[in-house]
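Engineer: Supplied in structure tokens, the structure appears directly below.
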Number of protein chains: 2
Amino acid sequence: MRYVVIMAGGSGTRLWPLSRQGRPKQLLELFGGASLLRLAYDRVAGVVPPENILVCTGRAYADDVAAQIPELPEGNILGEPEGRDSLNAVAWSAAVVAGRDPEGVVAMVTADQVITPVDEFARSLRLAFEVAEARPRALVTLGVVPTSPHTGYGYLHRAEELDGFTGVHRVAQFKEKPSREVAQEYLATGEYWWNAGMFVWRAGTLLSQLDQLLPDTAAKVRAIVAEPERLDEIFPTLQKISVDYAVMEPASEGRTDAEVVSVGLSIDWRDVGGFVSLAELLATDADGNAVDGAVVTLDSTGCVLINAVGPRHVVSAIGLRDHLVVATPTATLVAPLADSERVKELVALVRTQRGDEFA
Amino acid sequence: MRYVVIMAGGSGTRLWPLSRQGRPKQLLELFGGASLLRLAYDRVAGVVPPENILVCTGRAYADDVAAQIPELPEGNILGEPEGRDSLNAVAWSAAVVAGRDPEGVVAMVTADQVITPVDEFARSLRLAFEVAEARPRALVTLGVVPTSPHTGYGYLHRAEELDGFTGVHRVAQFKEKPSREVAQEYLATGEYWWNAGMFVWRAGTLLSQLDQLLPDTAAKVRAIVAEPERLDEIFPTLQKISVDYAVMEPASEGRTDAEVVSVGLSIDWRDVGGFVSLAELLATDADGNAVDGAVVTLDSTGCVLINAVGPRHVVSAIGLRDHLVVATPTATLVAPLADSERVKELVALVRTQRGDEFA
């Protein structure tokens with residue numbers, strides 16, 4: 001059977017005050033009322049049935065996840081007692097799926113992006129499932145065919161195409177986030193894909209990789225599945241490490257018995273990493289302002305104006321150029337768009353000066 | 001007996017969204033928790049006893065006035081059914097005072113300014129009472145000795161000093177708001193004072209002026225005092241006109257039997273007419289931003305940042321220069337300070353696009 005696990009952890013201060021400690025960006029209902037989480041669910045709902053879709057998230061967000069995806073059966077929300085990096089979400093998910101179905105094949109997908117067209121994504125995901133089903137030792141990673149020399153993503157260097165699977169390549173090497181120059185070279189060669197951070201594998205195969213690379217983690221996630229009541233005791237002791245460092249890179253270097261392959265996605269991939277990328281997804285008014293919610297502007301252009309207080313509030317501007325304005329019930333943020341990437345610094349100040357409850 | 005009537009009418013959109021239809025600027029508790037109204041009350045509380053202090057305001061604001069001045073006896077709030085310009089507040093007040101005390105002398109004072117030192121104001125107000133008591137036909141206006149060639153005030157041209165009253169002059173002429181050049185001339189001659197819009201006179205004297213100049217108004221305000229239940233019927237029929245046009249100018253031109261004199265106030269007189277003047281009265285942070293309420297800034301200077309949502313909210317800025325940010329529960333406003341005088345235009349847009357309830 002095929003399973004999909006949506007990874008929706010992380011707090012993410014880069015969209016503060018929209019995203020907050022108790023309200024991570026994946027849960028923000030910004031896109032016509034839908035959240036990134038809901039968009040991620042809708043992307044995979046045509047590929048596997050609802051009972052085979054799980055969401056791995058912070059336990060604090062479990063109720064919000066259930067509210068946003070009422071289709072999700074009870075028990076399909078894996079609530080992490082604390083965030084311990086991506087490997088542990090991946091490892092725990094694999095153990096859960098293997099516990100339900102020893103032959104289960106699982107796709108780990110992210111909820112940080114807006115992806116179009118959805119059909120193309122679904123087609124590629126199905127192809128990745130087919131590869132993982134046909135090749136028992138395959139660790140399939142999804143690669144995005146780059147449309148720009150983006151320096152914010154890791155890349156993967158693809159090698160030869162896999163026999164019988166058009167558009168599926170072996171992975172020669174994973175690459176860290178590159179400099180602008182290097183990213184431009186990557187783009188020019190056509191041999192590099194963005195590392196999407198999405199994976200498909202047999203649950204048993206992932207666990208056997210962990211047996212070889214991180215046996216302590218492998219044992220602990222199996223113990224959690226065997227005795228769920230020990231989750232709070234065991235989970236915080238898991239080694240904090242990313243799935244790329246822990247599994248994908250060693251495996252791509254031949255240090256395990258796995259083969260690392262990648263399915264290329266030709267899609268529009270928009271990571272909502274900050275306000276500038278978020279703005280590209282919002283509606284635009286006649287003056288070229290990206291707006292969300294009740295907003296009134298006078299002689300203002302090139303701004304991003306977000307009213308997340310609600311319909312009983314109005315966000316307004318006079319003579320504003322290229323500024324960000326975000327209003328929520330707990331905070332107002334104003335900055336030139338060029339400074340909007342400095343939100344993390346500001347949140348640290350807010351925490352110090354006003355208290356954690358505002359962060 | 002001496003009476004003081006504080007005039008606190010008007011809505012004033014120039015401080016929107018701080019001031020609103022239901023919340024005029026005089027009621028905003030911006031100055032260490034005190035409002036302009038409360039400051040006006042405190043200024044006169046040492047001059048006359050509380051039972052002789054009245055507030056003339058819009059009826060809709062009567063409860064807020066009572067809450068901000070609990071010392072005020074019931075019945076000392078004159079609630080206008082609608083705003084009908086300054087003459088009618090003045091005329092009704094005179095009729096009310098004359099009804100209580102035919103010999104009553106009444107000071108009409110405004111609540112639009114922050115005035116320091118308060119002692120100097122009280123001293124001048126007492127002097128004005130003395131003049132009105134000594135000279136039965138005197139209309140005493142308070143003049144402010146100008147400290148700048150302000151173009152936002154009317155001026156009065158003073159003539160000779162009154163015998164026996166140092167610093168009290170006859171008024172030769174009232175002048176409209178001048179151009180910059182004319183204002184500079186006024187300042188250079190030393191013969192012009194700002195028209196403070198505050199007056200002291202015997203209630204009976206003011207009523208007798210009305211008998212001469214606007215007998216219809218005189219009869220109507222007397223009728224309201226005789227039959228208070230007819231307030232709603234009569235008040236809206238009063239001619240809409242300012243006290244300057246209706247009484248002070250004709251009287252200064254010798255068209256009545258009154259003598260117009262002025263007491264000069266050497267005080268710091270700050271009219272809170274807009275955000276720029278408001279900013280001068282707010283606390284300043286280390287980076288030269290004028291701030292009110294919980295505000296956190298990063299690399300921001302020369303801004304005016306007002307958090308009127310409350311302590312459960314934080315207003316924040318990154319890299320902001322010379323901008324105004326105002327947050328209230330119902331609206332957020334952002335503008336370069338240079339554009340902050342255009343609030344009225346914006347409010348008209350807000351009214352059209354979002355509805356009257358936001359204006």
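Ligands are numbered from 1 in the order shown, chains are lettered A, B, ... in the order of the structure tokens, and residues start at 1 in each chain.
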Show which residues sit within 10 Å of Phe31 (chain A), as a list in words. Count only C-alpha atoms, and ignore same-chain residues fewer than 3 positions away.

Structural biologist: Leu28, Ala34, Ser35, Leu36, Arg38, Leu39, Val114, Leu278, Leu281, Leu282, Ala283 and Asp292 of chain A

Engineer: Would you give me, as a Markdown table, each residue of chain A having an atom within 6 Å of an atom of chain B, along with its shortest atom pair and that distance in Å to one decimal, using only C-alpha atoms and sorting by chain and residue number?

Structural biologist:
| residue | atom | partner | partner_atom | distance |
| --- | --- | --- | --- | --- |
| A:His313 | CA | B:Thr330 | CA | 4.4 |
| A:Val314 | CA | B:Ala331 | CA | 4.7 |
| A:Val315 | CA | B:Thr332 | CA | 4.7 |
| A:Ser316 | CA | B:Leu333 | CA | 4.8 |
| A:Ala317 | CA | B:Val334 | CA | 4.8 |
| A:Ile318 | CA | B:Ala335 | CA | 4.8 |
| A:Gly319 | CA | B:Ala335 | CA | 6.0 |
| A:Leu320 | CA | B:Ala335 | CA | 5.8 |
| A:Thr330 | CA | B:His313 | CA | 4.4 |
| A:Ala331 | CA | B:Val314 | CA | 4.7 |
| A:Thr332 | CA | B:Val315 | CA | 4.7 |
| A:Leu333 | CA | B:Ser316 | CA | 4.8 |
| A:Val334 | CA | B:Ala317 | CA | 4.8 |
| A:Ala335 | CA | B:Ile318 | CA | 4.9 |

Engineer: What does the distance between CA of Ala111 (chain B) and CA of Val261 (chain B) come to in Å, to one decimal place?

Structural biologist: 21.9 Å

Engineer: With chain B held fixed, move chain A onto it by a least-squares fit of all C-alpha atoms in order and give the output as a short mmCIF file (atom, residue, chain, number, x, y, z; two decimals) with C-alpha atoms, in the first residue's frame.

Structural biologist:
data_model
loop_
_atom_site.label_atom_id
_atom_site.label_comp_id
_atom_site.auth_asym_id
_atom_site.auth_seq_id
_atom_site.Cartn_x
_atom_site.Cartn_y
_atom_site.Cartn_z
CA MET A 1 -19.83 83.50 40.99
CA ARG A 2 -17.26 82.27 38.53
CA TYR A 3 -17.99 79.40 36.16
CA VAL A 4 -15.89 77.54 33.61
CA VAL A 5 -17.34 75.75 30.60
CA ILE A 6 -14.99 73.35 28.85
CA MET A 7 -15.85 73.07 25.18
CA ALA A 8 -15.15 69.49 24.08
CA GLY A 9 -17.18 69.01 20.95
CA GLY A 10 -16.06 68.09 17.46
CA SER A 11 -14.99 64.78 16.04
CA GLY A 12 -11.76 65.63 14.28
CA THR A 13 -10.53 63.21 11.65
CA ARG A 14 -7.00 64.55 11.66
CA LEU A 15 -5.94 62.02 14.27
CA TRP A 16 -7.78 59.11 12.64
CA PRO A 17 -7.80 56.24 13.51
CA LEU A 18 -7.01 57.40 17.07
CA SER A 19 -9.89 59.85 16.93
CA ARG A 20 -13.08 58.57 15.34
CA GLN A 21 -16.73 59.47 15.05
CA GLY A 22 -17.46 57.99 18.45
CA ARG A 23 -14.15 58.95 20.01
CA PRO A 24 -13.14 62.59 19.47
CA LYS A 25 -9.58 63.61 20.08
CA GLN A 26 -10.36 65.37 23.39
CA LEU A 27 -11.25 62.00 24.91
CA LEU A 28 -8.12 60.12 23.80
CA GLU A 29 -6.15 59.11 26.87
CA LEU A 30 -2.79 59.73 25.31
CA PHE A 31 -0.88 61.75 27.84
CA GLY A 32 0.18 59.38 30.54
CA GLY A 33 -3.36 58.08 30.64
CA ALA A 34 -4.90 61.56 30.72
CA SER A 35 -6.98 62.96 27.88
CA LEU A 36 -6.95 66.53 26.56
CA LEU A 37 -10.31 66.90 28.30
CA ARG A 38 -8.89 65.76 31.60
CA LEU A 39 -5.91 68.12 31.17
CA ALA A 40 -8.35 70.97 30.50
CA TYR A 41 -10.28 70.11 33.65
CA ASP A 42 -7.12 69.96 35.75
CA ARG A 43 -6.09 73.38 34.41
CA VAL A 44 -9.25 75.05 35.70
CA ALA A 45 -9.88 72.96 38.82
CA GLY A 46 -7.68 75.30 40.87
CA VAL A 47 -9.57 78.37 39.67
CA VAL A 48 -13.23 77.49 40.34
CA PRO A 49 -14.86 74.73 42.42
CA PRO A 50 -16.02 71.53 40.64
CA GLU A 51 -19.70 72.39 40.97
CA ASN A 52 -19.05 75.49 38.84
CA ILE A 53 -17.30 73.59 36.05
CA LEU A 54 -19.39 72.43 33.11
CA VAL A 55 -18.48 70.49 29.99
CA CYS A 56 -20.24 71.18 26.72
CA THR A 57 -19.85 68.18 24.43
CA GLY A 58 -21.67 65.95 21.98
CA ARG A 59 -24.39 64.00 23.77
CA ALA A 60 -22.85 60.75 22.52
CA TYR A 61 -19.72 61.47 24.54
CA ALA A 62 -21.45 62.39 27.80
CA ASP A 63 -20.78 59.02 29.46
CA ASP A 64 -17.10 59.10 28.53
CA VAL A 65 -16.81 62.66 29.85
CA ALA A 66 -18.40 61.60 33.15
CA ALA A 67 -16.00 58.66 33.38
CA GLN A 68 -12.96 60.82 32.77
CA ILE A 69 -14.07 63.56 35.20
CA PRO A 70 -15.80 61.78 38.08
CA GLU A 71 -15.60 65.05 40.06
CA LEU A 72 -18.14 66.63 37.72
CA PRO A 73 -21.61 66.92 39.36
CA GLU A 74 -24.50 65.39 37.47
CA GLY A 75 -26.17 68.05 35.39
CA ASN A 76 -22.88 69.78 34.59
CA ILE A 77 -22.52 68.02 31.27
CA LEU A 78 -24.26 69.89 28.47
CA GLY A 79 -24.81 67.28 25.79
CA GLU A 80 -25.45 68.80 22.39
CA PRO A 81 -27.88 66.72 20.29
CA GLU A 82 -25.70 67.62 17.29
CA GLY A 83 -22.70 69.83 16.58
CA ARG A 84 -23.81 73.33 15.50
CA ASP A 85 -20.53 75.27 15.64
CA SER A 86 -19.05 77.24 18.50
CA LEU A 87 -21.57 80.07 18.91
CA ASN A 88 -24.28 77.71 20.05
CA ALA A 89 -22.14 75.97 22.62
CA VAL A 90 -21.23 79.43 23.89
CA ALA A 91 -24.80 80.75 23.79
CA TRP A 92 -26.36 77.70 25.43
CA SER A 93 -23.68 77.70 28.13
CA ALA A 94 -24.30 81.38 28.86
CA ALA A 95 -28.02 80.77 29.18
CA VAL A 96 -27.43 77.80 31.50
CA VAL A 97 -25.08 79.80 33.75
CA ALA A 98 -27.41 82.84 33.74
CA GLY A 99 -30.24 80.53 34.73
CA ARG A 100 -28.26 79.36 37.77
CA ASP A 101 -26.75 82.73 38.65
CA PRO A 102 -27.87 85.92 36.86
CA GLU A 103 -24.63 87.61 37.91
CA GLY A 104 -22.49 84.63 36.87
CA VAL A 105 -19.23 85.21 35.04
CA VAL A 106 -18.29 82.39 32.67
CA ALA A 107 -15.02 81.34 31.10
CA MET A 108 -15.33 79.34 27.90
CA VAL A 109 -12.18 77.23 27.55
CA THR A 110 -11.05 74.79 24.89
CA ALA A 111 -9.75 71.25 25.31
CA ASP A 112 -7.65 70.97 22.15
CA GLN A 113 -4.29 71.86 23.63
CA VAL A 114 -1.57 70.86 25.97
CA ILE A 115 -0.66 74.01 27.92
CA THR A 116 2.28 74.59 30.23
CA PRO A 117 2.89 75.90 32.79
CA VAL A 118 -0.57 75.32 34.20
CA ASP A 119 0.02 77.94 36.96
CA GLU A 120 0.56 80.66 34.41
CA PHE A 121 -2.62 79.66 32.62
CA ALA A 122 -4.57 79.77 35.90
CA ARG A 123 -3.09 83.17 36.77
CA SER A 124 -4.20 84.60 33.41
CA LEU A 125 -7.64 83.04 33.70
CA ARG A 126 -8.11 84.67 37.12
CA LEU A 127 -7.03 88.00 35.65
CA ALA A 128 -9.59 87.58 32.86
CA PHE A 129 -12.30 86.91 35.48
CA GLU A 130 -11.28 90.08 37.33
CA VAL A 131 -11.57 92.13 34.16
CA ALA A 132 -15.01 90.72 33.36
CA GLU A 133 -16.16 91.37 36.92
CA ALA A 134 -14.82 94.94 36.96
CA ARG A 135 -16.09 95.89 33.50
CA PRO A 136 -19.67 94.76 32.94
CA ARG A 137 -19.62 95.18 29.15
CA ALA A 138 -16.31 93.41 28.59
CA LEU A 139 -15.92 90.48 26.23
CA VAL A 140 -12.55 89.14 27.34
CA THR A 141 -10.65 86.93 24.93
CA LEU A 142 -7.51 85.06 25.85
CA GLY A 143 -4.58 85.78 23.57
CA VAL A 144 -1.44 83.67 23.39
CA VAL A 145 1.85 85.52 23.00
CA PRO A 146 3.14 83.88 19.80
CA THR A 147 6.39 81.94 19.80
CA SER A 148 6.42 81.29 16.04
CA PRO A 149 4.81 82.68 12.87
CA HIS A 150 2.12 80.01 13.01
CA THR A 151 -0.22 79.99 10.04
CA GLY A 152 -2.75 77.66 11.61
CA TYR A 153 -4.24 80.13 14.09
CA GLY A 154 -6.24 83.34 13.82
CA TYR A 155 -4.54 86.41 15.33
CA LEU A 156 -5.78 89.48 17.17
CA HIS A 157 -4.27 92.92 16.84
CA ARG A 158 -4.04 94.43 20.27
CA ALA A 159 -4.39 98.17 20.94
CA GLU A 160 -3.75 100.15 24.14
CA GLU A 161 -3.49 98.58 27.56
CA LEU A 162 -6.55 98.74 29.78
CA ASP A 163 -6.25 101.19 32.72
CA GLY A 164 -5.48 99.32 35.90
CA PHE A 165 -4.93 95.93 34.24
CA THR A 166 -1.34 95.23 33.31
CA GLY A 167 -1.06 92.91 30.31
CA VAL A 168 -4.70 93.37 29.33
CA HIS A 169 -5.25 95.17 26.04
CA ARG A 170 -8.15 96.38 23.98
CA VAL A 171 -8.53 94.45 20.74
CA ALA A 172 -8.24 96.58 17.60
CA GLN A 173 -9.07 93.81 15.15
CA PHE A 174 -9.38 90.06 14.69
CA LYS A 175 -7.35 88.58 11.83
CA GLU A 176 -7.94 85.40 9.82
CA LYS A 177 -5.26 82.70 9.60
CA PRO A 178 -2.41 84.54 7.86
CA SER A 179 0.05 83.59 5.12
CA ARG A 180 3.58 82.76 6.22
CA GLU A 181 4.81 86.25 5.26
CA VAL A 182 2.01 88.02 7.10
CA ALA A 183 2.50 85.81 10.15
CA GLN A 184 6.17 86.77 10.18
CA GLU A 185 5.23 90.47 10.12
CA TYR A 186 2.77 89.90 12.98
CA LEU A 187 5.49 88.24 15.00
CA ALA A 188 8.01 91.01 14.24
CA THR A 189 5.72 93.86 15.38
CA GLY A 190 4.95 92.21 18.72
CA GLU A 191 1.42 93.63 18.49
CA TYR A 192 -0.37 90.41 17.57
CA TRP A 193 -1.47 87.52 19.71
CA TRP A 194 -2.80 84.14 18.69
CA ASN A 195 -6.55 83.97 19.12
CA ALA A 196 -6.89 81.15 21.64
CA GLY A 197 -10.63 80.72 21.14
CA MET A 198 -11.15 81.08 24.91
CA PHE A 199 -13.38 83.77 26.37
CA VAL A 200 -14.50 85.21 29.70
CA TRP A 201 -17.64 87.32 30.14
CA ARG A 202 -20.68 87.79 32.27
CA ALA A 203 -23.29 85.34 31.07
CA GLY A 204 -25.78 88.20 30.92
CA THR A 205 -23.44 90.32 28.82
CA LEU A 206 -23.01 87.56 26.22
CA LEU A 207 -26.77 87.08 26.07
CA SER A 208 -27.30 90.82 25.62
CA GLN A 209 -24.80 90.76 22.73
CA LEU A 210 -26.86 88.01 21.15
CA ASP A 211 -30.01 90.07 21.69
CA GLN A 212 -28.35 92.77 19.59
CA LEU A 213 -26.72 90.53 16.96
CA LEU A 214 -28.65 87.25 16.73
CA PRO A 215 -31.96 87.68 18.60
CA ASP A 216 -33.30 84.38 17.27
CA THR A 217 -30.40 82.48 18.84
CA ALA A 218 -30.76 84.43 22.10
CA ALA A 219 -34.43 83.54 22.34
CA LYS A 220 -33.86 79.90 21.50
CA VAL A 221 -31.14 79.22 24.07
CA ARG A 222 -33.27 80.92 26.76
CA ALA A 223 -36.16 78.69 25.71
CA ILE A 224 -33.97 75.57 26.05
CA VAL A 225 -33.03 76.55 29.60
CA ALA A 226 -36.65 77.35 30.48
CA GLU A 227 -37.94 74.09 28.99
CA PRO A 228 -35.03 71.58 28.85
CA GLU A 229 -37.33 68.94 27.37
CA ARG A 230 -37.42 71.02 24.17
CA LEU A 231 -33.64 70.70 23.65
CA ASP A 232 -33.94 68.18 20.80
CA GLU A 233 -36.60 70.25 19.10
CA ILE A 234 -34.87 73.64 19.36
CA PHE A 235 -31.12 72.93 19.21
CA PRO A 236 -31.04 71.66 15.61
CA THR A 237 -32.74 74.91 14.47
CA LEU A 238 -29.95 77.17 15.82
CA GLN A 239 -28.01 79.05 13.18
CA LYS A 240 -24.66 77.34 12.55
CA ILE A 241 -21.98 79.98 13.06
CA SER A 242 -18.77 80.51 14.97
CA VAL A 243 -18.55 82.77 18.00
CA ASP A 244 -15.84 84.79 16.27
CA TYR A 245 -18.00 85.65 13.27
CA ALA A 246 -21.19 86.02 15.25
CA VAL A 247 -20.01 88.07 18.22
CA MET A 248 -16.31 88.85 18.60
CA GLU A 249 -15.74 90.47 15.21
CA PRO A 250 -18.90 92.63 15.17
CA ALA A 251 -18.27 93.68 18.76
CA SER A 252 -14.63 94.56 18.02
CA GLU A 253 -15.91 96.74 15.16
CA GLY A 254 -18.10 98.71 17.56
CA ARG A 255 -21.37 97.26 16.28
CA THR A 256 -22.57 96.48 19.82
CA ASP A 257 -22.24 98.15 23.22
CA ALA A 258 -19.50 95.71 24.31
CA GLU A 259 -15.79 96.33 24.68
CA VAL A 260 -13.48 93.61 23.43
CA VAL A 261 -10.31 93.14 25.44
CA SER A 262 -7.66 90.46 25.58
CA VAL A 263 -5.52 88.95 28.32
CA GLY A 264 -2.13 87.83 27.04
CA LEU A 265 -0.90 84.38 28.02
CA SER A 266 2.82 83.69 28.04
CA ILE A 267 2.54 79.93 27.89
CA ASP A 268 3.63 76.94 25.88
CA TRP A 269 0.54 76.33 23.77
CA ARG A 270 0.46 73.10 21.82
CA ASP A 271 -2.50 72.50 19.68
CA VAL A 272 -2.90 68.77 19.03
CA GLY A 273 -4.09 69.30 15.49
CA GLY A 274 -2.36 66.38 13.83
CA PHE A 275 0.15 63.61 14.30
CA VAL A 276 3.20 65.83 13.93
CA SER A 277 2.07 68.08 16.80
CA LEU A 278 0.94 65.05 18.78
CA ALA A 279 4.38 63.49 18.36
CA GLU A 280 6.00 66.43 20.15
CA LEU A 281 4.04 65.44 23.24
CA LEU A 282 4.89 61.73 23.23
CA ALA A 283 7.82 59.97 24.85
CA THR A 284 10.91 59.58 22.67
CA ASP A 285 13.00 56.40 22.46
CA ALA A 286 16.78 56.18 22.12
CA ASP A 287 16.55 56.31 18.31
CA GLY A 288 14.46 59.47 18.22
CA ASN A 289 11.13 57.79 17.59
CA ALA A 290 8.06 59.20 19.33
CA VAL A 291 6.30 56.19 20.82
CA ASP A 292 3.15 55.42 22.75
CA GLY A 293 2.27 51.97 24.08
CA ALA A 294 4.10 48.69 23.48
CA VAL A 295 6.44 49.35 20.54
CA VAL A 296 9.56 47.46 19.38
CA THR A 297 11.81 48.92 16.69
CA LEU A 298 14.89 47.73 14.82
CA ASP A 299 17.05 50.31 13.00
CA SER A 300 14.20 52.80 12.83
CA THR A 301 14.48 56.55 13.41
CA GLY A 302 12.36 59.69 13.30
CA CYS A 303 9.11 57.73 13.37
CA VAL A 304 5.88 58.19 15.28
CA LEU A 305 4.67 54.80 16.49
CA ILE A 306 1.42 54.60 18.40
CA ASN A 307 0.01 51.36 19.76
CA ALA A 308 -3.55 52.10 20.81
CA VAL A 309 -4.63 48.48 20.59
CA GLY A 310 -3.39 47.82 24.09
CA PRO A 311 -0.82 45.84 26.05
CA ARG A 312 -1.77 42.53 24.37
CA HIS A 313 -0.47 43.91 21.08
CA VAL A 314 2.96 45.01 19.88
CA VAL A 315 3.65 47.56 17.15
CA SER A 316 6.98 46.85 15.46
CA ALA A 317 9.13 48.31 12.71
CA ILE A 318 12.31 47.41 10.84
CA GLY A 319 14.41 49.97 8.98
CA LEU A 320 11.69 52.60 9.07
CA ARG A 321 12.51 56.32 8.56
CA ASP A 322 10.21 59.25 9.35
CA HIS A 323 7.00 57.26 9.11
CA LEU A 324 3.81 57.31 11.09
CA VAL A 325 2.38 54.00 12.31
CA VAL A 326 -0.87 53.97 14.26
CA ALA A 327 -2.61 50.79 15.33
CA THR A 328 -6.04 50.71 16.95
CA PRO A 329 -8.46 47.80 17.32
CA THR A 330 -10.38 48.94 14.24
CA ALA A 331 -7.67 50.31 11.98
CA THR A 332 -4.00 50.46 11.10
CA LEU A 333 -2.53 53.55 9.43
CA VAL A 334 0.93 53.82 7.89
CA ALA A 335 2.29 56.88 6.09
CA PRO A 336 5.44 58.92 5.70
CA LEU A 337 5.12 61.68 8.33
CA ALA A 338 5.13 64.23 5.51
CA ASP A 339 1.85 62.70 4.29
CA SER A 340 0.23 62.41 7.69
CA GLU A 341 -1.78 65.60 7.16
CA ARG A 342 -3.67 63.83 4.37
CA VAL A 343 -5.58 61.65 6.81
CA LYS A 344 -8.85 63.42 6.03
CA GLU A 345 -8.59 62.34 2.37
CA LEU A 346 -7.88 58.79 3.44
CA VAL A 347 -10.82 58.71 5.85
CA ALA A 348 -13.10 59.75 2.98
CA LEU A 349 -11.77 56.77 0.99
CA VAL A 350 -12.18 54.42 3.95
CA ARG A 351 -15.76 55.60 4.34
CA THR A 352 -16.50 54.94 0.67
CA GLN A 353 -14.69 51.62 0.38
CA ARG A 354 -15.26 50.03 3.78
CA GLY A 355 -18.21 51.85 5.34
CA ASP A 356 -18.97 54.58 7.85
CA GLU A 357 -18.28 52.34 10.84
CA PHE A 358 -14.54 52.61 10.17
CA ALA A 359 -14.49 56.42 9.91
#

Engineer: Could you pull out the residues in region 165-262 of chain A that DSSP calls alpha helix (DSSP H) from the backbone, as a ChimeraX atom specification?

Structural biologist: /A:180-189,203-213,215-226,231-234,243,249-252
